[in-house]
Amino acid sequence: MASDTGDRMKIVIGYAVWATLCAAVAGVAISLIHTWFFSSHPSAAEFWHTLFDDVATTLGIAAGQGAVALVTGSLLTQLGRGLHATVLLGLLVGLFDFVMNFLQMAAPRTELGWVPDLIILAAVTIGITVFGSRSAAVAPPPP
């Protein structure tokens, strides 16, 4: 039983890393789009400053989402649930990030502010993680 829990935790850790990477890639893509098309930068230095600030913020948010995925997956494992289709779950986290950030960039009225945005991202990460969990079936002991 302990080995089963350990195996499920390895999956949770892998999923948390994957979700972090997917969120980071989505955020960097949005940062590039924002810097090239939606921000004013009269000089090359201002362009790089804007891009660097956007990417740094994005990576911090992605790391936070990975931590949320790790904690949620760990709690689910303690409750006897395992994660399934983790590649798809990570891609869903990244897709949601991309769509939400693009919408807020293209239609600024949809921007709610930092605190609501971070709460939404955390809640969606929790929801996607829970959605991908299944009750771990107890296998009969080998004969």
# chains A, B, ... in the order shown; residues from 1 in each chain; ligands from 1
>>> closest_atom_pairs(of="stretch 44-130 of chain A", to="stretch 3-24 of chain A", cutoff="7 Å", atoms="only C-alpha atoms", output="tab-separated table")
residue	atom	partner	partner_atom	distance
A:Thr58	CA	A:Ala24	CA	6.4
A:Leu59	CA	A:Ala24	CA	5.6
A:Ala62	CA	A:Thr20	CA	5.1
A:Ala63	CA	A:Thr20	CA	5.7
A:Gln65	CA	A:Thr20	CA	6.4
A:Gly66	CA	A:Thr20	CA	4.6
A:Ala67	CA	A:Ala16	CA	6.9
A:Ala69	CA	A:Ala16	CA	5.3
A:Leu70	CA	A:Ala16	CA	5.1
A:Gly73	CA	A:Val12	CA	5.5
A:Ser74	CA	A:Met9	CA	6.7
A:Thr77	CA	A:Arg8	CA	6.6
A:Gly82	CA	A:Arg8	CA	5.9
A:Leu83	CA	A:Val12	CA	6.9
A:Thr86	CA	A:Tyr15	CA	5.6
A:Gly90	CA	A:Ala19	CA	4.1
A:Leu91	CA	A:Cys22	CA	5.9
A:Val93	CA	A:Ala23	CA	6.2
A:Gly94	CA	A:Ala23	CA	4.2
A:Asp97	CA	A:Ala23	CA	6.3
>>> write_last_selection(atoms="C-alpha atoms", output="mmCIF file, in the first residue's frame")
data_model
loop_
_atom_site.group_PDB
_atom_site.id
_atom_site.type_symbol
_atom_site.label_atom_id
_atom_site.label_comp_id
_atom_site.auth_asym_id
_atom_site.auth_seq_id
_atom_site.Cartn_x
_atom_site.Cartn_y
_atom_site.Cartn_z
ATOM 1 C CA THR A 58 4.434 34.960 -15.690
ATOM 2 C CA LEU A 59 7.021 32.558 -14.303
ATOM 3 C CA ALA A 62 3.217 29.558 -13.162
ATOM 4 C CA ALA A 63 5.298 28.459 -10.164
ATOM 5 C CA GLN A 65 0.019 27.245 -10.048
ATOM 6 C CA GLY A 66 2.468 24.346 -9.899
ATOM 7 C CA ALA A 67 2.492 24.616 -6.109
ATOM 8 C CA ALA A 69 -1.335 21.528 -8.313
ATOM 9 C CA LEU A 70 1.193 19.802 -6.035
ATOM 10 C CA GLY A 73 -2.655 16.347 -5.859
ATOM 11 C CA SER A 74 -0.995 15.503 -2.547
ATOM 12 C CA THR A 77 -3.440 11.110 -2.815
ATOM 13 C CA GLY A 82 -4.912 9.080 -8.016
ATOM 14 C CA LEU A 83 -4.397 11.418 -10.947
ATOM 15 C CA THR A 86 -1.942 14.238 -16.328
ATOM 16 C CA GLY A 90 -1.384 20.177 -17.605
ATOM 17 C CA LEU A 91 -2.324 21.263 -21.107
ATOM 18 C CA VAL A 93 -4.041 24.512 -17.155
ATOM 19 C CA GLY A 94 -1.899 26.161 -19.839
ATOM 20 C CA ASP A 97 -4.101 30.601 -18.656
#
>>> select_by_dssp(residues="chain A", states="strand (DSSP E or B)", output="MDAnalysis selection string")
chainID A and resid 81:83 133:135
>>> residues_around(residues="stretch 27-38 of chain A", least_positions_apart="6", cutoff="6 Å", atoms="only C-alpha atoms", output="list of chain:residue names")
A:Leu51, A:Asp54, A:Val55, A:Thr58
>>> write_last_selection(atoms="N, CA and C atoms", output="CSV table (one decimal), in the first residue's frame")
chain,number,residue,atom,x,y,z
A,51,LEU,N,9.2,43.2,-21.8
A,51,LEU,CA,9.2,41.8,-22.0
A,51,LEU,C,9.7,41.0,-20.8
A,54,ASP,N,7.2,41.2,-17.9
A,54,ASP,CA,6.1,40.3,-18.2
A,54,ASP,C,6.4,38.8,-18.0
A,55,VAL,N,7.6,38.4,-18.5
A,55,VAL,CA,8.0,37.0,-18.3
A,55,VAL,C,8.3,36.7,-16.9
A,58,THR,N,5.0,36.2,-15.2
A,58,THR,CA,4.4,35.0,-15.7
A,58,THR,C,5.0,33.7,-15.0
>>> atom_distance(atom1="atom CA of A:Thr110", atom2="atom CA of A:Thr72")
27.7 Å
>>> atom_distance(atom1="atom CA of A:Ile61", atom2="atom CA of A:Leu121")
8.8 Å
>>> select_by_dssp(residues="chain A", states="helix (DSSP H, G or I)", output="JSON, numbers by chain")
{"A": [2, 3, 4, 5, 6, 7, 8, 9, 10, 11, 12, 13, 14, 15, 16, 17, 18, 19, 20, 21, 22, 23, 24, 25, 26, 27, 28, 29, 30, 31, 32, 33, 34, 35, 36, 37, 38, 44, 45, 46, 47, 48, 49, 50, 51, 52, 53, 54, 55, 56, 57, 58, 59, 60, 61, 62, 63, 64, 65, 66, 67, 68, 69, 70, 71, 72, 73, 74, 75, 76, 77, 78, 86, 87, 88, 89, 90, 91, 92, 93, 94, 95, 96, 97, 98, 99, 100, 101, 102, 103, 104, 105, 106, 108, 109, 110, 114, 115, 116, 117, 118, 119, 120, 121, 122, 123, 124, 125, 126, 127, 128, 129, 130, 131]}
>>> atom_distance(atom1="atom CA of A:Ser135", atom2="atom CA of A:Gln78")
11.1 Å
>>> closest_residue(among="A:Val25, A:Leu118, A:Leu103, A:Leu76", to="A:Ser133", atoms="only C-alpha atoms")
A:Leu76
>>> residues_around(residues="A:Leu89", least_positions_apart="5", cutoff="7 Å", atoms="only C-alpha atoms", output="PyMOL selection string")
chain A and resi 128-129+132
